[in-house]
file input18.cif (mmCIF, C-alpha atoms)
data_final
#
loop_
_atom_site.label_atom_id
_atom_site.label_comp_id
_atom_site.auth_asym_id
_atom_site.auth_seq_id
_atom_site.Cartn_x
_atom_site.Cartn_y
_atom_site.Cartn_z
CA MET V 62 -22.16 -11.47 24.83
CA ILE V 63 -24.22 -10.95 21.69
CA ALA V 64 -25.19 -7.42 22.82
CA THR V 65 -21.50 -6.63 23.40
CA GLN V 66 -20.53 -7.82 19.95
CA VAL V 67 -23.42 -5.87 18.33
CA ALA V 68 -22.30 -2.74 20.23
CA GLU V 69 -18.72 -3.30 19.07
CA ILE V 70 -19.82 -3.62 15.45
CA LEU V 71 -22.14 -0.60 15.44
CA LEU V 72 -20.42 1.71 17.95
CA PHE V 73 -16.84 1.15 19.12
CA PRO V 74 -14.42 0.17 17.61
CA GLY V 75 -16.76 -0.40 14.67
CA LEU V 76 -18.97 1.75 12.50
CA THR V 77 -19.57 4.90 14.59
CA PHE V 78 -15.90 5.18 15.57
CA PHE V 79 -14.78 4.90 11.95
CA VAL V 80 -17.42 7.42 10.80
CA TRP V 81 -15.85 9.94 13.20
CA ILE V 82 -12.40 8.96 11.90
CA ALA V 83 -13.77 9.59 8.38
CA PHE V 84 -14.87 13.10 9.41
CA LEU V 85 -11.45 13.66 11.01
CA PHE V 86 -9.71 12.50 7.82
CA ASP V 87 -11.83 14.88 5.74
CA TRP V 88 -10.85 17.78 8.00
CA LEU V 89 -7.16 16.81 8.05
CA ASP V 90 -7.16 16.37 4.28
CA ARG V 91 -8.65 19.83 3.73
CA LYS V 92 -6.44 21.43 6.36
CA THR V 93 -3.22 19.81 5.06
CA SER V 94 -3.90 20.72 1.44
CA ALA V 95 -4.84 24.26 2.51
CA ARG V 96 -1.59 24.69 4.48
CA MET V 97 0.46 23.33 1.57
CA GLN V 98 -1.24 25.81 -0.76
CA GLN V 99 -0.77 28.80 1.61
CA ARG V 100 -4.46 28.89 2.54
CA VAL V 101 -6.22 28.65 5.89
CA GLY V 102 -8.73 25.86 5.20
CA PRO V 103 -11.81 25.14 7.35
CA LEU V 104 -11.95 27.61 10.23
CA LEU V 105 -15.42 28.39 11.54
CA ALA V 106 -17.21 25.20 12.72
CA GLY V 107 -15.54 24.06 15.95
CA PRO V 108 -11.93 24.67 17.04
CA SER V 109 -9.82 25.22 13.88
CA GLY V 110 -12.86 24.16 11.81
CA ILE V 111 -12.63 20.53 12.96
CA LEU V 112 -16.43 20.14 12.85
CA GLN V 113 -16.72 21.49 9.29
CA PRO V 114 -17.14 18.00 7.69
CA VAL V 115 -19.93 17.21 10.19
CA ALA V 116 -21.61 20.55 9.43
CA ASP V 117 -21.29 19.88 5.68
CA PHE V 118 -22.86 16.43 6.09
CA PHE V 119 -25.88 17.74 8.00
CA LYS V 120 -26.27 20.64 5.59
CA LEU V 121 -26.38 18.23 2.63
CA ILE V 122 -28.87 15.78 4.16
CA SER V 123 -31.26 18.66 4.90
CA LYS V 124 -31.25 19.86 1.29
CA GLU V 125 -33.65 18.90 -1.51
CA GLU V 126 -33.08 15.58 -3.28
CA ILE V 127 -33.66 15.94 -6.99
CA VAL V 128 -34.14 12.79 -9.06
CA PRO V 129 -33.31 13.38 -12.75
CA GLU V 130 -36.06 12.46 -15.21
CA PHE V 131 -34.12 9.66 -16.93
CA ALA V 132 -32.40 8.24 -13.85
CA ASP V 133 -32.68 4.60 -12.85
CA ARG V 134 -34.61 5.36 -9.66
CA PHE V 135 -33.92 2.06 -7.91
CA ILE V 136 -30.13 2.34 -8.05
CA PHE V 137 -30.25 6.12 -7.67
CA PHE V 138 -31.90 5.73 -4.25
CA LEU V 139 -30.57 2.39 -3.03
CA GLY V 140 -27.06 2.84 -4.43
CA PRO V 141 -25.70 5.37 -1.89
CA PRO V 142 -26.39 3.21 1.23
CA LEU V 143 -25.02 0.12 -0.56
CA PHE V 144 -21.97 2.12 -1.60
CA PHE V 145 -21.59 3.13 2.07
CA ALA V 146 -22.01 -0.49 3.20
CA ALA V 147 -18.82 -1.63 1.42
CA PRO V 148 -16.22 0.15 3.63
CA ALA V 149 -18.59 -0.05 6.62
CA ILE V 150 -18.47 -3.86 6.41
CA GLY V 151 -14.71 -3.87 5.76
CA ILE V 152 -13.87 -2.03 8.98
CA ILE V 153 -15.33 -4.73 11.23
CA PHE V 154 -12.52 -7.04 10.07
CA ILE V 155 -9.81 -4.55 11.14
CA PRO V 156 -8.17 -5.16 14.56
CA VAL V 157 -8.20 -1.94 16.59
CA LEU V 158 -7.96 -3.08 20.22
CA GLY V 159 -5.39 -5.86 20.38
CA THR V 160 -4.65 -8.35 17.62
CA ALA V 161 -8.24 -9.64 17.33
CA ALA V 162 -10.81 -7.86 15.14
CA ILE V 163 -14.49 -7.57 16.13
CA VAL V 164 -15.26 -10.25 13.55
CA SER V 165 -12.55 -12.42 12.11
CA ASN V 166 -12.31 -15.49 10.01
CA GLU V 167 -9.64 -17.64 8.43
CA TYR V 168 -10.25 -16.05 5.00
CA ASP V 169 -11.51 -12.54 5.74
CA LEU V 170 -8.83 -10.89 3.57
CA LEU V 171 -10.51 -12.48 0.53
CA PHE V 172 -13.82 -11.01 1.63
CA VAL V 173 -12.21 -7.58 2.03
CA LEU V 174 -10.79 -7.82 -1.51
CA PHE V 175 -14.32 -8.38 -2.80
CA ILE V 176 -15.52 -5.41 -0.77
CA ILE V 177 -12.93 -3.15 -2.39
CA ALA V 178 -13.98 -4.36 -5.85
CA PHE V 179 -17.66 -3.94 -4.98
CA SER V 180 -17.08 -0.36 -3.81
CA ALA V 181 -15.50 0.66 -7.14
CA LEU V 182 -18.22 -1.06 -9.14
CA MET V 183 -21.00 0.55 -7.08
CA ALA V 184 -19.46 3.95 -7.81
CA ALA V 185 -19.49 3.14 -11.54
CA PHE V 186 -23.10 1.98 -11.47
CA LEU V 187 -24.19 5.00 -9.43
CA GLY V 188 -22.72 7.18 -12.17
CA TYR V 189 -24.49 5.15 -14.83
CA SER V 190 -27.83 5.20 -12.99
CA ALA V 191 -27.88 9.02 -13.03
CA ALA V 192 -28.00 9.02 -16.86
CA GLY V 193 -26.24 12.35 -17.16
CA ARG V 194 -23.58 13.16 -19.73
CA TRP V 195 -20.82 13.92 -17.25
CA SER V 196 -21.60 11.07 -14.90
CA THR V 197 -21.64 8.61 -17.82
CA ILE V 198 -18.24 9.78 -19.06
CA ALA V 199 -16.90 9.63 -15.49
CA MET V 200 -18.26 6.10 -15.10
CA GLY V 201 -16.33 4.99 -18.20
CA ARG V 202 -13.18 6.57 -16.81
CA LEU V 203 -13.74 4.93 -13.44
CA ILE V 204 -14.08 1.44 -14.95
CA ALA V 205 -10.97 1.99 -17.09
CA GLN V 206 -9.01 3.13 -14.04
CA TYR V 207 -10.37 0.21 -12.01
CA THR V 208 -9.03 -2.30 -14.54
CA GLY V 209 -5.62 -0.67 -14.08
CA TYR V 210 -5.22 -0.52 -10.30
CA GLU V 211 -7.21 -3.57 -9.14
CA ILE V 212 -4.65 -6.25 -10.06
CA PRO V 213 -1.61 -4.58 -8.42
CA MET V 214 -3.71 -3.77 -5.35
CA ILE V 215 -4.70 -7.43 -4.97
CA ILE V 216 -1.09 -8.59 -5.45
CA ALA V 217 0.08 -6.03 -2.87
CA LEU V 218 -2.49 -7.25 -0.35
CA ILE V 219 -1.75 -10.93 -0.96
CA THR V 220 1.99 -10.40 -0.28
CA PRO V 221 1.62 -9.97 3.52
CA ALA V 222 -0.77 -12.93 3.50
CA ILE V 223 1.96 -15.09 2.00
CA LEU V 224 4.48 -13.81 4.56
CA ALA V 225 2.11 -14.61 7.43
CA HIS V 226 0.88 -17.90 5.89
CA SER V 227 -2.63 -16.64 6.62
CA LEU V 228 -5.54 -15.09 4.74
CA SER V 229 -6.97 -13.61 7.92
CA ILE V 230 -6.29 -9.94 8.70
CA THR V 231 -6.17 -10.81 12.39
CA GLY V 232 -3.67 -13.60 11.62
CA ILE V 233 -1.50 -11.24 9.57
CA VAL V 234 -1.45 -8.66 12.40
CA PHE V 235 -0.59 -11.37 14.92
CA ALA V 236 2.28 -12.59 12.71
CA GLN V 237 3.86 -9.10 12.82
CA GLN V 238 4.69 -9.25 16.51
CA ASN V 239 8.42 -9.39 15.80
CA MET V 240 8.72 -7.37 12.60
CA TRP V 241 6.32 -5.22 10.56
CA TYR V 242 5.84 -6.41 6.98
CA ILE V 243 6.71 -3.01 5.54
CA VAL V 244 10.32 -4.06 6.24
CA PHE V 245 10.04 -7.23 4.11
CA ALA V 246 7.66 -5.84 1.49
CA PRO V 247 8.22 -2.08 1.11
CA LEU V 248 7.30 -2.21 -2.60
CA SER V 249 3.94 -3.79 -1.78
CA PHE V 250 3.25 -0.97 0.67
CA ILE V 251 4.08 1.64 -1.98
CA VAL V 252 1.96 -0.21 -4.57
CA PHE V 253 -0.95 -0.36 -2.14
CA ILE V 254 -0.75 3.37 -1.34
CA VAL V 255 -0.63 4.27 -5.05
CA SER V 256 -3.55 1.91 -5.80
CA ALA V 257 -5.47 3.33 -2.83
CA LEU V 258 -5.06 6.82 -4.30
CA ALA V 259 -6.69 5.52 -7.50
CA GLU V 260 -9.45 3.72 -5.59
CA LEU V 261 -10.16 6.90 -3.61
CA GLU V 262 -10.03 9.03 -6.80
CA LYS V 263 -7.42 11.31 -5.28
CA PRO V 264 -4.88 13.25 -7.38
CA PRO V 265 -3.06 12.29 -9.53
CA PHE V 266 -5.82 9.71 -10.19
CA ASP V 267 -8.88 11.92 -9.69
CA ILE V 268 -9.75 11.41 -13.35
CA PRO V 269 -13.33 10.07 -12.74
CA SER V 270 -14.19 13.14 -10.65
CA ALA V 271 -12.11 15.76 -12.43
CA LYS V 272 -14.00 18.95 -11.60
CA THR V 273 -12.39 21.13 -14.28
CA GLU V 274 -13.21 18.60 -17.04
CA ILE V 275 -16.45 16.77 -16.21
CA VAL V 276 -18.18 18.97 -13.59
CA GLY V 277 -18.71 16.70 -10.54
CA GLY V 278 -17.76 13.45 -12.28
CA TRP V 279 -20.06 10.51 -11.57
CA MET V 280 -21.62 12.47 -8.66
CA THR V 281 -22.84 15.35 -10.86
CA GLU V 282 -26.55 14.48 -10.72
CA PHE V 283 -26.66 13.64 -7.00
CA SER V 284 -27.88 16.09 -4.39
CA GLY V 285 -29.09 16.18 -0.79
CA ARG V 286 -28.99 12.95 1.18
CA PRO V 287 -27.51 10.67 -1.55
CA LEU V 288 -24.67 13.15 -2.13
CA ALA V 289 -24.05 13.43 1.63
CA TYR V 290 -23.85 9.63 1.84
CA ILE V 291 -21.54 9.39 -1.17
CA LYS V 292 -19.15 12.00 0.25
CA LEU V 293 -19.18 10.31 3.65
CA THR V 294 -18.51 6.94 1.97
CA LYS V 295 -15.49 8.33 0.16
CA ASN V 296 -14.05 9.54 3.48
CA LEU V 297 -14.93 6.24 5.16
CA SER V 298 -13.11 4.39 2.35
CA TYR V 299 -10.17 6.71 3.00
CA ALA V 300 -10.12 5.61 6.66
CA PHE V 301 -10.77 1.94 5.79
CA LEU V 302 -7.95 1.66 3.23
CA SER V 303 -5.56 3.46 5.60
CA ALA V 304 -6.57 1.06 8.38
CA LEU V 305 -6.00 -1.88 6.02
CA ALA V 306 -2.49 -0.59 5.23
CA VAL V 307 -1.81 -0.23 8.97
CA SER V 308 -3.02 -3.78 9.64
CA LEU V 309 -1.18 -5.50 6.79
CA PHE V 310 2.10 -3.56 6.72
CA LEU V 311 2.54 -1.61 9.98
CA GLY V 312 1.63 -4.22 12.58
CA GLY V 313 -1.91 -2.96 13.24
CA PRO V 314 -2.33 -1.96 16.89
CA LEU V 315 0.90 -3.69 17.97
CA GLY V 316 3.57 -1.53 19.58
CA PRO V 317 6.86 -1.83 21.47
CA VAL V 318 5.52 -1.31 25.03
CA LEU V 319 3.46 -4.06 26.73
CA PHE V 320 1.38 -3.85 29.92
CA MET V 321 0.19 -6.71 32.12
CA ASP V 322 -3.18 -5.04 32.67
CA PRO V 323 -5.48 -5.91 29.70
CA THR V 324 -7.43 -2.62 29.90
CA LEU V 325 -4.27 -0.53 29.83
CA GLN V 326 -2.92 -2.68 27.01
CA ALA V 327 -6.13 -2.21 24.99
CA ALA V 328 -5.91 1.57 25.51
CA LEU V 329 -2.28 1.56 24.39
CA ASP V 330 -3.11 -0.60 21.34
CA PHE V 331 -5.80 1.90 20.43
CA VAL V 332 -3.32 4.80 20.65
CA TYR V 333 -0.78 2.92 18.49
CA PHE V 334 -3.46 2.16 15.92
CA VAL V 335 -4.72 5.75 15.70
CA VAL V 336 -1.17 7.16 15.42
CA LYS V 337 -0.33 4.74 12.59
CA LEU V 338 -3.68 5.46 10.92
CA LEU V 339 -2.98 9.19 10.96
CA PHE V 340 0.51 8.56 9.58
CA VAL V 341 -0.83 6.62 6.56
CA GLY V 342 -3.63 9.16 6.10
CA PHE V 343 -1.14 12.03 6.23
CA LEU V 344 1.02 10.27 3.61
CA ILE V 345 -1.98 10.18 1.28
CA PHE V 346 -2.92 13.82 2.05
CA VAL V 347 0.57 15.03 1.14
CA ILE V 348 0.86 12.94 -2.07
CA ARG V 349 -2.57 14.02 -3.28
CA THR V 350 -1.83 17.70 -2.66
CA ALA V 351 1.64 17.63 -4.19
CA LEU V 352 0.74 15.93 -7.49
CA ALA V 353 -1.31 17.12 -10.46
CA ARG V 354 -3.92 15.07 -12.33
CA ILE V 355 -2.78 12.84 -15.20
CA LYS V 356 -4.84 11.60 -18.18
CA ILE V 357 -6.80 8.34 -18.10
CA ASP V 358 -4.60 6.61 -20.69
CA GLN V 359 -1.50 7.68 -18.75
CA ALA V 360 -3.02 6.35 -15.53
CA VAL V 361 -3.89 2.92 -16.98
CA ARG V 362 -0.50 2.67 -18.71
CA PHE V 363 1.24 3.66 -15.46
CA PHE V 364 -0.55 0.92 -13.54
CA TRP V 365 0.05 -1.80 -16.13
CA MET V 366 3.62 -0.85 -17.07
CA VAL V 367 5.05 0.33 -13.72
CA ILE V 368 2.93 -0.55 -10.71
CA THR V 369 1.91 -4.11 -11.69
CA PRO V 370 5.53 -5.17 -12.47
CA LEU V 371 6.64 -3.61 -9.16
CA SER V 372 4.04 -5.62 -7.27
CA LEU V 373 5.09 -8.80 -9.11
CA ILE V 374 8.79 -8.20 -8.33
CA GLN V 375 7.94 -7.85 -4.64
CA LEU V 376 5.73 -10.94 -4.78
CA ALA V 377 8.52 -12.98 -6.43
CA PHE V 378 10.97 -11.83 -3.74
CA ILE V 379 8.57 -12.82 -0.99
CA MET V 380 7.86 -16.21 -2.61
CA VAL V 381 11.61 -16.95 -2.64
CA LEU V 382 11.78 -15.92 1.03
CA TRP V 383 8.71 -18.01 1.84
CA TRP V 384 9.94 -21.20 0.16
CA LYS V 385 13.21 -21.02 2.13
CA MET H 276 -16.49 -28.50 8.25
CA PRO H 277 -14.99 -25.95 10.72
CA ALA H 278 -17.28 -24.07 13.12
CA LEU H 279 -18.45 -20.76 11.69
CA ASP H 280 -18.66 -17.69 13.93
CA PRO H 281 -22.26 -16.51 13.33
CA PHE H 282 -21.10 -12.87 13.35
CA VAL H 283 -19.05 -13.47 10.20
CA ILE H 284 -22.42 -13.57 8.43
CA ALA H 285 -24.53 -11.58 10.92
CA GLY H 286 -22.01 -8.73 11.29
CA PRO H 287 -22.10 -7.56 7.65
CA ILE H 288 -25.90 -8.04 7.55
CA LEU H 289 -26.23 -5.96 10.73
CA VAL H 290 -24.12 -3.19 9.22
CA VAL H 291 -26.19 -3.12 6.02
CA VAL H 292 -29.51 -3.09 7.93
CA ALA H 293 -28.34 -0.31 10.29
CA ASP H 294 -27.01 1.62 7.31
CA ILE H 295 -30.32 1.44 5.40
CA ILE H 296 -32.36 2.31 8.52
CA VAL H 297 -30.23 5.43 9.15
CA TYR H 298 -30.46 6.34 5.44
CA VAL H 299 -34.26 6.13 5.51
CA VAL H 300 -34.53 8.01 8.82
CA VAL H 301 -32.24 10.91 7.79
CA GLY H 302 -34.21 11.05 4.54
CA LYS H 303 -37.08 12.57 6.52
CA LEU H 304 -35.00 15.71 7.13
CA GLY H 305 -34.84 16.95 3.55
CA THR H 306 -37.43 17.35 0.82
CA LYS H 307 -37.55 15.08 -2.21
CA SER H 308 -38.73 15.89 -5.71
CA SER H 309 -38.89 14.21 -9.10
CA GLY H 310 -40.78 14.77 -12.32
CA LYS H 311 -40.38 16.37 -15.73
CA GLY H 312 -39.11 19.78 -16.77
CA GLY H 313 -35.89 21.75 -16.84
CA LYS H 314 -35.13 21.20 -13.17
CA TYR H 315 -35.10 17.42 -13.66
CA GLN H 316 -33.06 17.30 -16.86
CA PRO H 317 -29.52 15.89 -16.53
CA PHE H 318 -26.92 18.65 -16.29
CA THR H 319 -25.54 19.31 -19.78
CA GLY H 320 -23.15 22.17 -19.06
CA GLY H 321 -25.01 24.45 -21.45
CA GLU H 322 -25.12 22.01 -24.37
CA GLU H 323 -28.45 21.27 -26.09
CA GLN H 324 -28.31 17.50 -26.55
CA ILE H 325 -29.47 15.31 -23.67
CA PRO H 326 -27.36 12.13 -23.56
CA VAL H 327 -29.02 8.90 -24.67
CA ARG H 328 -28.79 6.07 -22.17
CA GLY H 329 -27.09 2.79 -22.99
CA THR H 330 -25.04 3.70 -26.05
CA TYR H 331 -21.78 4.61 -24.39
CA GLN H 332 -18.63 2.53 -25.00
CA SER H 333 -20.10 -0.97 -24.93
CA GLU H 334 -16.66 -2.53 -25.49
CA LEU H 335 -15.56 -1.18 -22.13
CA PHE H 336 -18.43 -2.98 -20.38
CA VAL H 337 -17.57 -6.26 -22.10
CA PHE H 338 -13.95 -5.83 -21.05
CA ALA H 339 -14.96 -4.92 -17.46
CA ALA H 340 -17.26 -7.96 -17.25
CA LEU H 341 -14.49 -10.29 -18.47
CA PHE H 342 -12.06 -8.59 -16.10
CA MET H 343 -14.34 -9.34 -13.16
CA VAL H 344 -14.55 -13.03 -14.15
CA VAL H 345 -10.74 -13.26 -14.37
CA GLU H 346 -10.45 -11.44 -11.05
CA ALA H 347 -12.76 -13.95 -9.35
CA PHE H 348 -10.59 -16.83 -10.63
CA ALA H 349 -7.43 -15.00 -9.49
CA LEU H 350 -8.93 -14.73 -6.00
CA ILE H 351 -9.75 -18.44 -6.00
CA LEU H 352 -6.12 -19.19 -6.84
CA ALA H 353 -4.85 -16.72 -4.24
CA GLY H 354 -7.15 -18.19 -1.62
CA SER H 355 -6.07 -21.75 -2.23
CA PHE H 356 -2.35 -21.33 -1.53
CA ALA H 357 -2.41 -22.43 2.11
CA SER H 358 -5.93 -23.68 2.49
CA SER H 359 -6.62 -26.61 4.77
CA THR H 360 -10.32 -26.60 3.92
CA ASN H 361 -12.25 -25.23 0.95
CA PHE H 362 -15.36 -24.25 2.95
CA TYR H 363 -14.62 -20.58 3.66
CA PRO H 364 -12.99 -19.74 0.31
CA LEU H 365 -16.06 -21.20 -1.40
CA LEU H 366 -18.42 -19.38 0.96
CA PHE H 367 -16.81 -15.98 0.39
CA LEU H 368 -16.40 -16.58 -3.32
CA ALA H 369 -20.08 -17.50 -3.54
CA GLY H 370 -21.02 -14.31 -1.67
CA GLY H 371 -18.68 -12.03 -3.61
CA GLY H 372 -19.40 -13.75 -6.91
CA GLY H 373 -23.14 -13.46 -6.24
CA VAL H 374 -22.86 -9.72 -5.69
CA ILE H 375 -20.82 -9.25 -8.87
CA LEU H 376 -23.30 -11.43 -10.77
CA VAL H 377 -26.26 -9.33 -9.57
CA ILE H 378 -24.69 -6.00 -10.50
CA THR H 379 -23.54 -7.34 -13.87
CA TRP H 380 -27.08 -8.58 -14.46
CA TRP H 381 -28.39 -5.12 -13.58
CA LEU H 382 -25.91 -3.63 -16.03
CA LEU H 383 -27.24 -5.91 -18.78
CA VAL H 384 -30.86 -5.10 -17.92
CA VAL H 385 -30.40 -1.34 -18.08
CA GLY H 386 -28.62 -1.64 -21.39
CA GLY H 387 -24.95 -1.09 -20.65
CA MET H 388 -23.98 -3.84 -23.09
CA ARG H 389 -26.04 -2.50 -26.01
CA ALA H 390 -23.99 -1.37 -28.99
#
call {"tool": "encode", "arguments": {"input": "input18.cif", "output": "structure tokens"}}
result
Amino acid sequence: MIATQVAEILLFPGLTFFVWIAFLFDWLDRKTSARMQQRVGPLLAGPSGILQPVADFFKLISKEEIVPEFADRFIFFLGPPLFFAAPAIGIIFIPVLGTAAIVSNEYDLLFVLFIIAFSALMAAFLGYSAAGRWSTIAMGRLIAQYTGYEIPMIIALITPAILAHSLSITGIVFAQQNMWYIVFAPLSFIVFIVSALAELEKPPFDIPSAKTEIVGGWMTEFSGRPLAYIKLTKNLSYAFLSALAVSLFLGGPLGPVLFMDPTLQAALDFVYFVVKLLFVGFLIFVIRTALARIKIDQAVRFFWMVITPLSLIQLAFIMVLWWK
Amino acid sequence: MPALDPFVIAGPILVVVADIIVYVVVGKLGTKSSGKGGKYQPFTGGEEQIPVRGTYQSELFVFAALFMVVEAFALILAGSFASSTNFYPLLFLAGGGGVILVITWWLLVVGGMRA
């Protein structure tokens, strides 16, 4: 029993599965943006270049790690695996096969909210630990952006919890058996997707990693294994936030067809989950390719003046519905 | 007090341990170097001045620290809306708050709050 649960956490449908989903997302992201820009995109590693992210990862971890003279060595080395740990922990609370996650608890949504905050803060501190000019500027931008998108993201994630009367992700998925919460709270879904773009530093909110302004952003001084880990973490966060959107707004692995056989049902749940995951991921790929970068003051103003009120309007609507 | 699934605590710890083990093991593949000299200077984009640590926008750090405190209280409020017991909210808040406390402490130690 314990061995099974450990295997589920580390292999399937836990960490290893989501790492492969992260590689797939990276490939799809690059391929989609390439197609939209009349380019070919990754082509050489594997069929249609599908193994290019894996090849890039192994190339990076085999390269030389250079530690800058003034870097805070402790965070510089320990930061990347801790940064990776944030989404890696989050995914074990996501139901993939059926309505129950590998690990679930009555209040795991709260824990996941902390994980999201921790991930952004780790990115900021990684930038600060490198002690480079560009990474320091990027870290300031990242913290400013974080103070903009964090509140609406939390409100958007609390809305389905109020609808389901539960702070458990598993409980929220279970409560969507009759109707997905995107129907009751479409604004919260939109707010979450926009906030996720900011959390993932994707255009139009790629201000902390704006290559044409501040070189590589907060990752400028990283190389070799730490850089490989950071890039993998960003893709894992991509998959994790998409999976969170699927669980809280699109019914998780629930679908219209039910089987009596539990194995067949689990396989079907898995297919539903992956299809929904790819849909949310594709939505983010298209938005990020179609929009251009805005300035940091515009981003923070946008979140405080537009996105936060939108999330509050949706929350107020849901509260009225809930009290009835 | 409700029964606690041990994997709620053990699961995240397992992930972190596995993560660090893999990180250390794959670290054997590449070479590592540190020291003094041009190769180890922070990238300046061709400019002469090397940035000085700990003097950048201290107001922003103060604001971010206060923001985190307010956020923790907001989560306590959010977590209490349908709570039958305060055990798990307090447990997770202690864990999350502890992490935020440690990284804020690190920020203070390295000088992020210096003017």
call {"tool": "resolve_selection", "arguments": {"input": "input18.cif", "expression": "the PyMOL selection byres ((chain H and resi 292) around 12)", "output": "PyMOL selection string"}}
result
(chain V and resi 71+142-143+145-146+149-150) or (chain H and resi 285-291+293-299)
call {"tool": "residues_around", "arguments": {"input": "input18.cif", "residues": "Lys307 in chain H", "least_positions_apart": "5", "cutoff": "10 Å", "atoms": "only C-alpha atoms", "output": "number ranges by chain"}}
result
V: 124-128, 284-286; H: 302
call {"tool": "write_last_selection", "arguments": {"input": "input18.cif", "atoms": "C-alpha atoms", "output": "compact mmCIF listing (two decimals), in the coordinates of the input"}}
result
# COMPACT_ATOMS: atom_id res chain seq x y z
CA LYS V 124 -31.25 19.86 1.29
CA GLU V 125 -33.65 18.90 -1.51
CA GLU V 126 -33.08 15.58 -3.28
CA ILE V 127 -33.66 15.94 -6.99
CA VAL V 128 -34.14 12.79 -9.06
CA SER V 284 -27.88 16.09 -4.39
CA GLY V 285 -29.09 16.18 -0.79
CA ARG V 286 -28.99 12.95 1.18
CA GLY H 302 -34.21 11.05 4.54
call {"tool": "resolve_selection", "arguments": {"input": "input18.cif", "expression": "the PyMOL selection byres ((chain V and resi 272) around 12)", "output": "ChimeraX atom specification"}}
result
/V:195-196,199,262-264,267-271,273-281,354
call {"tool": "residues_around", "arguments": {"input": "input18.cif", "residues": "Val367 in chain V", "least_positions_apart": "2", "cutoff": "12 Å", "atoms": "only C-alpha atoms", "output": "tab-separated table (two decimals) with C-alpha atoms, in the coordinates of the input"}}
result
chain	number	residue	atom	x	y	z
V	209	GLY	CA	-5.62	-0.67	-14.08
V	210	TYR	CA	-5.22	-0.52	-10.30
V	213	PRO	CA	-1.61	-4.58	-8.42
V	248	LEU	CA	7.30	-2.21	-2.60
V	251	ILE	CA	4.08	1.64	-1.98
V	252	VAL	CA	1.96	-0.21	-4.57
V	255	VAL	CA	-0.63	4.27	-5.05
V	256	SER	CA	-3.55	1.91	-5.80
V	359	GLN	CA	-1.50	7.68	-18.75
V	360	ALA	CA	-3.02	6.35	-15.53
V	361	VAL	CA	-3.89	2.92	-16.98
V	362	ARG	CA	-0.50	2.67	-18.71
V	363	PHE	CA	1.24	3.66	-15.46
V	364	PHE	CA	-0.55	0.92	-13.54
V	365	TRP	CA	0.05	-1.80	-16.13
V	369	THR	CA	1.91	-4.11	-11.69
V	370	PRO	CA	5.53	-5.17	-12.47
V	371	LEU	CA	6.64	-3.61	-9.16
V	372	SER	CA	4.04	-5.62	-7.27
V	373	LEU	CA	5.09	-8.80	-9.11
V	374	ILE	CA	8.79	-8.20	-8.33
call {"tool": "atom_distance", "arguments": {"input": "input18.cif", "atom1": "CA of Leu158 in chain V", "atom2": "CA of Leu170 in chain V"}}
result
18.4 Å
call {"tool": "closest_residue", "arguments": {"input": "input18.cif", "among": "H:Gly373, H:Gly312, H:Gly305, H:Gly321", "to": "chain V", "atoms": "only C-alpha atoms"}}
result
H:Gly305
call {"tool": "closest_residue", "arguments": {"input": "input18.cif", "among": "V:Ala300, V:Ala132, V:Leu85, V:Leu105", "to": "chain H", "atoms": "only C-alpha atoms"}}
result
V:Ala132
call {"tool": "closest_residue", "arguments": {"input": "input18.cif", "among": "V:Leu76, V:Leu339, V:Ile230, V:Leu297", "to": "Pro156 in chain V", "atoms": "all atoms listed in the file"}}
result
V:Ile230
call {"tool": "residues_around", "arguments": {"input": "input18.cif", "residues": "range 217-224 of chain V", "least_positions_apart": "2", "cutoff": "7 Å", "atoms": "only C-alpha atoms", "output": "PyMOL selection string"}}
result
chain V and resi 213-215+226-228+233+242+249-250+252-253+309+372+376+379+383
call {"tool": "write_last_selection", "arguments": {"input": "input18.cif", "atoms": "C-alpha atoms", "output": "short mmCIF file (atom, residue, chain, number, x, y, z; two decimals), in the coordinates of the input"}}
result
data_model
loop_
_atom_site.label_atom_id
_atom_site.label_comp_id
_atom_site.auth_asym_id
_atom_site.auth_seq_id
_atom_site.Cartn_x
_atom_site.Cartn_y
_atom_site.Cartn_z
CA PRO V 213 -1.61 -4.58 -8.42
CA MET V 214 -3.71 -3.77 -5.35
CA ILE V 215 -4.70 -7.43 -4.97
CA HIS V 226 0.88 -17.90 5.89
CA SER V 227 -2.63 -16.64 6.62
CA LEU V 228 -5.54 -15.09 4.74
CA ILE V 233 -1.50 -11.24 9.57
CA TYR V 242 5.84 -6.41 6.98
CA SER V 249 3.94 -3.79 -1.78
CA PHE V 250 3.25 -0.97 0.67
CA VAL V 252 1.96 -0.21 -4.57
CA PHE V 253 -0.95 -0.36 -2.14
CA LEU V 309 -1.18 -5.50 6.79
CA SER V 372 4.04 -5.62 -7.27
CA LEU V 376 5.73 -10.94 -4.78
CA ILE V 379 8.57 -12.82 -0.99
CA TRP V 383 8.71 -18.01 1.84
#
call {"tool": "atom_distance", "arguments": {"input": "input18.cif", "atom1": "CA of Val157 in chain V", "atom2": "CA of Ile70 in chain V"}}
result
11.8 Å
call {"tool": "atom_distance", "arguments": {"input": "input18.cif", "atom1": "CA of Pro148 in chain V", "atom2": "CA of Ser123 in chain V"}}
result
23.9 Å
call {"tool": "axis_aligned_box", "arguments": {"input": "input18.cif", "around": "range 294-308 of chain H", "padding_each_side": "4 Å", "output": "JSON"}}
result
{"center_x": -32.9, "center_y": 9.4, "center_z": 1.7, "size_x": 19.7, "size_y": 23.9, "size_z": 22.9}
call {"tool": "closest_residue", "arguments": {"input": "input18.cif", "among": "H:Glu346, H:Lys303, H:Pro281, H:Tyr315", "to": "chain V", "atoms": "all atoms listed in the file"}}
result
H:Tyr315
